[in-house]
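One file, my_file.cif, carrying mmCIF, N, CA, C and O atoms:
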data_protein
#
loop_
_atom_site.label_atom_id
_atom_site.label_comp_id
_atom_site.auth_asym_id
_atom_site.auth_seq_id
_atom_site.Cartn_x
_atom_site.Cartn_y
_atom_site.Cartn_z
N MET A 1 31.72 -25.76 -46.94
CA MET A 1 31.25 -24.40 -46.97
C MET A 1 29.77 -24.39 -46.57
O MET A 1 28.99 -25.20 -47.03
N ALA A 2 29.42 -23.46 -45.71
CA ALA A 2 28.04 -23.33 -45.25
C ALA A 2 27.20 -22.63 -46.30
O ALA A 2 27.67 -21.76 -47.01
N LEU A 3 25.97 -23.04 -46.40
CA LEU A 3 25.01 -22.41 -47.31
C LEU A 3 23.89 -21.83 -46.46
O LEU A 3 23.27 -22.54 -45.67
N ASN A 4 23.69 -20.55 -46.59
CA ASN A 4 22.60 -19.88 -45.88
C ASN A 4 21.62 -19.32 -46.91
O ASN A 4 22.02 -18.96 -48.01
N TYR A 5 20.38 -19.27 -46.52
CA TYR A 5 19.37 -18.74 -47.42
C TYR A 5 18.27 -18.07 -46.63
O TYR A 5 18.10 -18.31 -45.45
N ARG A 6 17.55 -17.19 -47.32
CA ARG A 6 16.42 -16.49 -46.72
C ARG A 6 15.14 -17.03 -47.36
O ARG A 6 15.08 -17.21 -48.57
N LEU A 7 14.15 -17.23 -46.52
CA LEU A 7 12.88 -17.80 -46.96
C LEU A 7 11.75 -16.81 -46.74
O LEU A 7 11.82 -15.95 -45.87
N GLU A 8 10.71 -17.00 -47.53
CA GLU A 8 9.47 -16.24 -47.33
C GLU A 8 8.31 -17.21 -47.51
O GLU A 8 8.29 -18.01 -48.45
N ASN A 9 7.35 -17.13 -46.63
CA ASN A 9 6.18 -17.99 -46.70
C ASN A 9 5.05 -17.22 -47.37
O ASN A 9 4.56 -16.23 -46.83
N GLY A 10 4.67 -17.64 -48.57
CA GLY A 10 3.60 -16.99 -49.30
C GLY A 10 2.46 -17.94 -49.56
O GLY A 10 2.37 -19.01 -48.95
N ASN A 11 1.59 -17.57 -50.47
CA ASN A 11 0.43 -18.41 -50.80
C ASN A 11 0.82 -19.79 -51.31
O ASN A 11 0.13 -20.75 -51.07
N GLY A 12 1.93 -19.87 -52.02
CA GLY A 12 2.36 -21.16 -52.58
C GLY A 12 3.29 -21.93 -51.67
O GLY A 12 3.87 -22.92 -52.07
N GLY A 13 3.48 -21.47 -50.43
CA GLY A 13 4.37 -22.15 -49.50
C GLY A 13 5.69 -21.41 -49.39
O GLY A 13 5.84 -20.28 -49.83
N TRP A 14 6.65 -22.05 -48.79
CA TRP A 14 7.96 -21.45 -48.56
C TRP A 14 8.75 -21.37 -49.85
O TRP A 14 8.77 -22.30 -50.63
N LYS A 15 9.42 -20.23 -50.04
CA LYS A 15 10.27 -20.04 -51.23
C LYS A 15 11.56 -19.37 -50.79
O LYS A 15 11.57 -18.48 -49.94
N ILE A 16 12.66 -19.80 -51.40
CA ILE A 16 13.95 -19.15 -51.16
C ILE A 16 14.01 -17.89 -51.99
O ILE A 16 13.73 -17.91 -53.18
N TYR A 17 14.39 -16.76 -51.37
CA TYR A 17 14.49 -15.52 -52.14
C TYR A 17 15.89 -14.91 -52.10
O TYR A 17 16.15 -13.93 -52.79
N ASP A 18 16.80 -15.48 -51.33
CA ASP A 18 18.18 -14.98 -51.32
C ASP A 18 19.08 -16.09 -50.82
O ASP A 18 18.67 -16.92 -50.00
N VAL A 19 20.31 -16.12 -51.32
CA VAL A 19 21.28 -17.15 -50.96
C VAL A 19 22.59 -16.46 -50.58
O VAL A 19 23.01 -15.51 -51.24
N ASN A 20 23.22 -16.96 -49.52
CA ASN A 20 24.50 -16.43 -49.08
C ASN A 20 25.59 -17.38 -49.55
O ASN A 20 25.61 -18.55 -49.21
N VAL A 21 26.51 -16.84 -50.36
CA VAL A 21 27.62 -17.62 -50.89
C VAL A 21 28.91 -16.94 -50.45
O VAL A 21 29.12 -15.76 -50.76
N ALA A 22 29.74 -17.67 -49.73
CA ALA A 22 31.04 -17.16 -49.26
C ALA A 22 30.89 -15.83 -48.50
O ALA A 22 31.72 -14.94 -48.63
N GLY A 23 29.82 -15.69 -47.74
CA GLY A 23 29.63 -14.50 -46.92
C GLY A 23 28.93 -13.35 -47.60
O GLY A 23 28.80 -12.27 -47.03
N PHE A 24 28.49 -13.53 -48.83
CA PHE A 24 27.81 -12.46 -49.57
C PHE A 24 26.40 -12.89 -49.93
O PHE A 24 26.20 -13.95 -50.54
N TRP A 25 25.43 -12.05 -49.59
CA TRP A 25 24.05 -12.29 -50.01
C TRP A 25 23.93 -11.89 -51.48
O TRP A 25 24.35 -10.81 -51.87
N LEU A 26 23.40 -12.77 -52.30
CA LEU A 26 23.36 -12.54 -53.75
C LEU A 26 22.42 -11.41 -54.17
O LEU A 26 22.76 -10.63 -55.06
N VAL A 27 21.23 -11.34 -53.59
CA VAL A 27 20.26 -10.33 -54.04
C VAL A 27 20.81 -8.91 -53.92
O VAL A 27 20.83 -8.18 -54.90
N PRO A 28 21.30 -8.49 -52.75
CA PRO A 28 21.82 -7.11 -52.67
C PRO A 28 23.02 -6.88 -53.58
O PRO A 28 23.19 -5.78 -54.13
N ASN A 29 23.85 -7.90 -53.76
CA ASN A 29 25.05 -7.72 -54.58
C ASN A 29 24.74 -7.63 -56.07
O ASN A 29 25.52 -7.06 -56.82
N TYR A 30 23.65 -8.20 -56.51
CA TYR A 30 23.31 -8.15 -57.93
C TYR A 30 22.25 -7.11 -58.26
O TYR A 30 21.92 -6.89 -59.42
N THR A 31 21.71 -6.45 -57.25
CA THR A 31 20.64 -5.47 -57.47
C THR A 31 21.05 -4.38 -58.46
O THR A 31 20.33 -4.09 -59.41
N LYS A 32 22.22 -3.78 -58.25
CA LYS A 32 22.68 -2.71 -59.14
C LYS A 32 22.90 -3.22 -60.56
O LYS A 32 22.60 -2.54 -61.52
N GLN A 33 23.45 -4.41 -60.69
CA GLN A 33 23.73 -4.97 -62.01
C GLN A 33 22.45 -5.25 -62.78
O GLN A 33 22.38 -5.02 -63.98
N PHE A 34 21.42 -5.74 -62.10
CA PHE A 34 20.21 -6.16 -62.79
C PHE A 34 19.13 -5.09 -62.84
O PHE A 34 18.15 -5.24 -63.57
N ALA A 35 19.27 -4.00 -62.09
CA ALA A 35 18.24 -2.96 -62.04
C ALA A 35 17.87 -2.42 -63.42
O ALA A 35 16.68 -2.33 -63.74
N PRO A 36 18.85 -2.09 -64.29
CA PRO A 36 18.47 -1.57 -65.62
C PRO A 36 17.70 -2.60 -66.46
O PRO A 36 16.77 -2.24 -67.18
N ILE A 37 18.06 -3.86 -66.35
CA ILE A 37 17.37 -4.91 -67.10
C ILE A 37 15.94 -5.05 -66.60
O ILE A 37 15.00 -5.16 -67.39
N LEU A 38 15.76 -5.03 -65.28
CA LEU A 38 14.42 -5.12 -64.70
C LEU A 38 13.56 -3.93 -65.09
O LEU A 38 12.37 -4.08 -65.36
N GLN A 39 14.15 -2.74 -65.12
CA GLN A 39 13.39 -1.54 -65.48
C GLN A 39 12.92 -1.60 -66.93
O GLN A 39 11.82 -1.16 -67.25
N GLN A 40 13.73 -2.14 -67.80
CA GLN A 40 13.37 -2.20 -69.23
C GLN A 40 12.46 -3.37 -69.56
O GLN A 40 11.52 -3.22 -70.32
N GLY A 41 12.78 -4.55 -69.02
CA GLY A 41 12.05 -5.74 -69.45
C GLY A 41 11.33 -6.50 -68.36
O GLY A 41 10.78 -7.56 -68.61
N GLY A 42 11.38 -5.98 -67.13
CA GLY A 42 10.72 -6.66 -66.03
C GLY A 42 11.39 -8.00 -65.72
O GLY A 42 12.50 -8.28 -66.15
N VAL A 43 10.70 -8.82 -64.95
CA VAL A 43 11.23 -10.12 -64.55
C VAL A 43 11.47 -11.01 -65.77
O VAL A 43 12.48 -11.71 -65.85
N ASP A 44 10.57 -10.95 -66.74
CA ASP A 44 10.75 -11.77 -67.95
C ASP A 44 12.03 -11.38 -68.69
O ASP A 44 12.76 -12.24 -69.19
N GLY A 45 12.32 -10.09 -68.75
CA GLY A 45 13.55 -9.62 -69.38
C GLY A 45 14.78 -10.10 -68.63
O GLY A 45 15.78 -10.50 -69.24
N LEU A 46 14.71 -10.07 -67.31
CA LEU A 46 15.84 -10.53 -66.50
C LEU A 46 16.06 -12.03 -66.69
O LEU A 46 17.19 -12.48 -66.86
N LEU A 47 14.98 -12.79 -66.66
CA LEU A 47 15.12 -14.24 -66.85
C LEU A 47 15.70 -14.56 -68.23
O LEU A 47 16.53 -15.46 -68.38
N GLY A 48 15.28 -13.81 -69.25
CA GLY A 48 15.83 -14.00 -70.59
C GLY A 48 17.31 -13.70 -70.63
O GLY A 48 18.10 -14.45 -71.22
N LYS A 49 17.72 -12.61 -69.98
CA LYS A 49 19.13 -12.23 -69.94
C LYS A 49 19.95 -13.27 -69.20
O LYS A 49 21.04 -13.65 -69.65
N LEU A 50 19.44 -13.77 -68.09
CA LEU A 50 20.16 -14.81 -67.35
C LEU A 50 20.28 -16.09 -68.17
O LEU A 50 21.31 -16.76 -68.14
N GLY A 51 19.24 -16.41 -68.93
CA GLY A 51 19.30 -17.57 -69.82
C GLY A 51 20.38 -17.40 -70.87
O GLY A 51 21.14 -18.34 -71.16
N GLU A 52 20.48 -16.21 -71.45
CA GLU A 52 21.53 -15.93 -72.44
C GLU A 52 22.91 -16.08 -71.81
O GLU A 52 23.81 -16.67 -72.42
N LEU A 53 23.08 -15.53 -70.63
CA LEU A 53 24.38 -15.61 -69.95
C LEU A 53 24.75 -17.06 -69.64
O LEU A 53 25.91 -17.45 -69.78
N ASN A 54 23.78 -17.86 -69.23
CA ASN A 54 24.04 -19.27 -68.94
C ASN A 54 24.44 -20.02 -70.21
O ASN A 54 25.33 -20.85 -70.18
N LYS A 55 23.75 -19.73 -71.31
CA LYS A 55 24.09 -20.40 -72.59
C LYS A 55 25.50 -20.03 -73.03
O LYS A 55 26.27 -20.89 -73.46
N SER A 56 25.86 -18.75 -72.92
CA SER A 56 27.19 -18.33 -73.36
C SER A 56 28.26 -18.91 -72.44
O SER A 56 29.34 -19.29 -72.89
N ALA A 57 27.98 -19.02 -71.14
CA ALA A 57 28.93 -19.62 -70.21
C ALA A 57 29.11 -21.10 -70.49
O ALA A 57 30.21 -21.63 -70.44
N ALA A 58 28.01 -21.78 -70.81
CA ALA A 58 28.08 -23.21 -71.13
C ALA A 58 28.86 -23.43 -72.42
O ALA A 58 29.63 -24.37 -72.54
N GLY A 59 28.68 -22.54 -73.39
CA GLY A 59 29.40 -22.64 -74.65
C GLY A 59 30.89 -22.40 -74.48
O GLY A 59 31.72 -22.99 -75.16
N ALA A 60 31.25 -21.52 -73.56
CA ALA A 60 32.65 -21.22 -73.31
C ALA A 60 33.38 -22.39 -72.67
O ALA A 60 34.57 -22.55 -72.83
N LYS A 61 32.66 -23.23 -71.94
CA LYS A 61 33.25 -24.39 -71.29
C LYS A 61 33.51 -25.52 -72.26
O LYS A 61 34.30 -26.38 -72.01
N SER A 62 32.80 -25.53 -73.38
CA SER A 62 32.92 -26.64 -74.34
C SER A 62 34.23 -26.59 -75.09
O SER A 62 34.84 -25.62 -75.30
#
Turn the structure described in the file into structure tokens.
Amino acid sequence: MALNYRLENGNGGWKIYDVNVAGFWLVPNYTKQFAPILQQGGVDGLLGKLGELNKSAAGAKS
């Protein structure tokens, strides 16, 4: 499977800001889902929520 990504060159160098998985770019597809979390808690709130989701997913696999 091919992996495509979008890059941006900023002050800290090149950074990946979007990834294409199975023909779908992740950022546009998750924008609607994460918009309310970003509005309430900003990036820190989103990162916290993603951490919670990862922990619960890892626990479900055990």
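Between atom CA of Val43 of chain A and atom CA of Asn20 of chain A the interatomic distance comes to 21.3 Å.
Interatomic distance, atom CA of Asp18 of chain A to atom CA of Tyr5 of chain A: 5.5 Å.
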Enumerate as a ChimeraX atom specification all residues of chain A assigned to alpha helix (DSSP H) by DSSP on the backbone, naming them with the chain letters and numbers the document uses. /A:26-61
Expected selection from the PyMOL selection byres (((chain A and resi 29-35 and name CA) around 12) and name CA), given as a ChimeraX atom specification: /A:18-21,23-28,36-43,45-50
Could you put an axis-aligned box around every listed atom of segment 29-32 of chain A, padded by 6 Å on each side, and send me its centre and edge lengths in Å to one decimal, as JSON?
{"center_x": 22.9, "center_y": -5.4, "center_z": -57.6, "size_x": 17.2, "size_y": 17.7, "size_z": 19.8}
Please indicate the distance in Å from atom N of Ile16 of chain A to atom O of Met1 of chain A, rounded to one decimal place. 17.7 Å
Name the residues of chain A that come out as strand (DSSP E or B) in a backbone DSSP run; write them as a PyMOL selection string. chain A and resi 4-10+13-21+24-25
Please write the residues from the selection above to a file, keeping N, CA, C and O atoms, as a short mmCIF file (atom, residue, chain, number, x, y, z; two decimals), keeping the file's coordinate frame.
data_model
loop_
_atom_site.label_atom_id
_atom_site.label_comp_id
_atom_site.auth_asym_id
_atom_site.auth_seq_id
_atom_site.Cartn_x
_atom_site.Cartn_y
_atom_site.Cartn_z
N ASN A 4 23.69 -20.55 -46.59
CA ASN A 4 22.60 -19.88 -45.88
C ASN A 4 21.62 -19.32 -46.91
O ASN A 4 22.02 -18.96 -48.01
N TYR A 5 20.38 -19.27 -46.52
CA TYR A 5 19.37 -18.74 -47.42
C TYR A 5 18.27 -18.07 -46.63
O TYR A 5 18.10 -18.31 -45.45
N ARG A 6 17.55 -17.19 -47.32
CA ARG A 6 16.42 -16.49 -46.72
C ARG A 6 15.14 -17.03 -47.36
O ARG A 6 15.08 -17.21 -48.57
N LEU A 7 14.15 -17.23 -46.52
CA LEU A 7 12.88 -17.80 -46.96
C LEU A 7 11.75 -16.81 -46.74
O LEU A 7 11.82 -15.95 -45.87
N GLU A 8 10.71 -17.00 -47.53
CA GLU A 8 9.47 -16.24 -47.33
C GLU A 8 8.31 -17.21 -47.51
O GLU A 8 8.29 -18.01 -48.45
N ASN A 9 7.35 -17.13 -46.63
CA ASN A 9 6.18 -17.99 -46.70
C ASN A 9 5.05 -17.22 -47.37
O ASN A 9 4.56 -16.23 -46.83
N GLY A 10 4.67 -17.64 -48.57
CA GLY A 10 3.60 -16.99 -49.30
C GLY A 10 2.46 -17.94 -49.56
O GLY A 10 2.37 -19.01 -48.95
N GLY A 13 3.48 -21.47 -50.43
CA GLY A 13 4.37 -22.15 -49.50
C GLY A 13 5.69 -21.41 -49.39
O GLY A 13 5.84 -20.28 -49.83
N TRP A 14 6.65 -22.05 -48.79
CA TRP A 14 7.96 -21.45 -48.56
C TRP A 14 8.75 -21.37 -49.85
O TRP A 14 8.77 -22.30 -50.63
N LYS A 15 9.42 -20.23 -50.04
CA LYS A 15 10.27 -20.04 -51.23
C LYS A 15 11.56 -19.37 -50.79
O LYS A 15 11.57 -18.48 -49.94
N ILE A 16 12.66 -19.80 -51.40
CA ILE A 16 13.95 -19.15 -51.16
C ILE A 16 14.01 -17.89 -51.99
O ILE A 16 13.73 -17.91 -53.18
N TYR A 17 14.39 -16.76 -51.37
CA TYR A 17 14.49 -15.52 -52.14
C TYR A 17 15.89 -14.91 -52.10
O TYR A 17 16.15 -13.93 -52.79
N ASP A 18 16.80 -15.48 -51.33
CA ASP A 18 18.18 -14.98 -51.32
C ASP A 18 19.08 -16.09 -50.82
O ASP A 18 18.67 -16.92 -50.00
N VAL A 19 20.31 -16.12 -51.32
CA VAL A 19 21.28 -17.15 -50.96
C VAL A 19 22.59 -16.46 -50.58
O VAL A 19 23.01 -15.51 -51.24
N ASN A 20 23.22 -16.96 -49.52
CA ASN A 20 24.50 -16.43 -49.08
C ASN A 20 25.59 -17.38 -49.55
O ASN A 20 25.61 -18.55 -49.21
N VAL A 21 26.51 -16.84 -50.36
CA VAL A 21 27.62 -17.62 -50.89
C VAL A 21 28.91 -16.94 -50.45
O VAL A 21 29.12 -15.76 -50.76
N PHE A 24 28.49 -13.53 -48.83
CA PHE A 24 27.81 -12.46 -49.57
C PHE A 24 26.40 -12.89 -49.93
O PHE A 24 26.20 -13.95 -50.54
N TRP A 25 25.43 -12.05 -49.59
CA TRP A 25 24.05 -12.29 -50.01
C TRP A 25 23.93 -11.89 -51.48
O TRP A 25 24.35 -10.81 -51.87
#
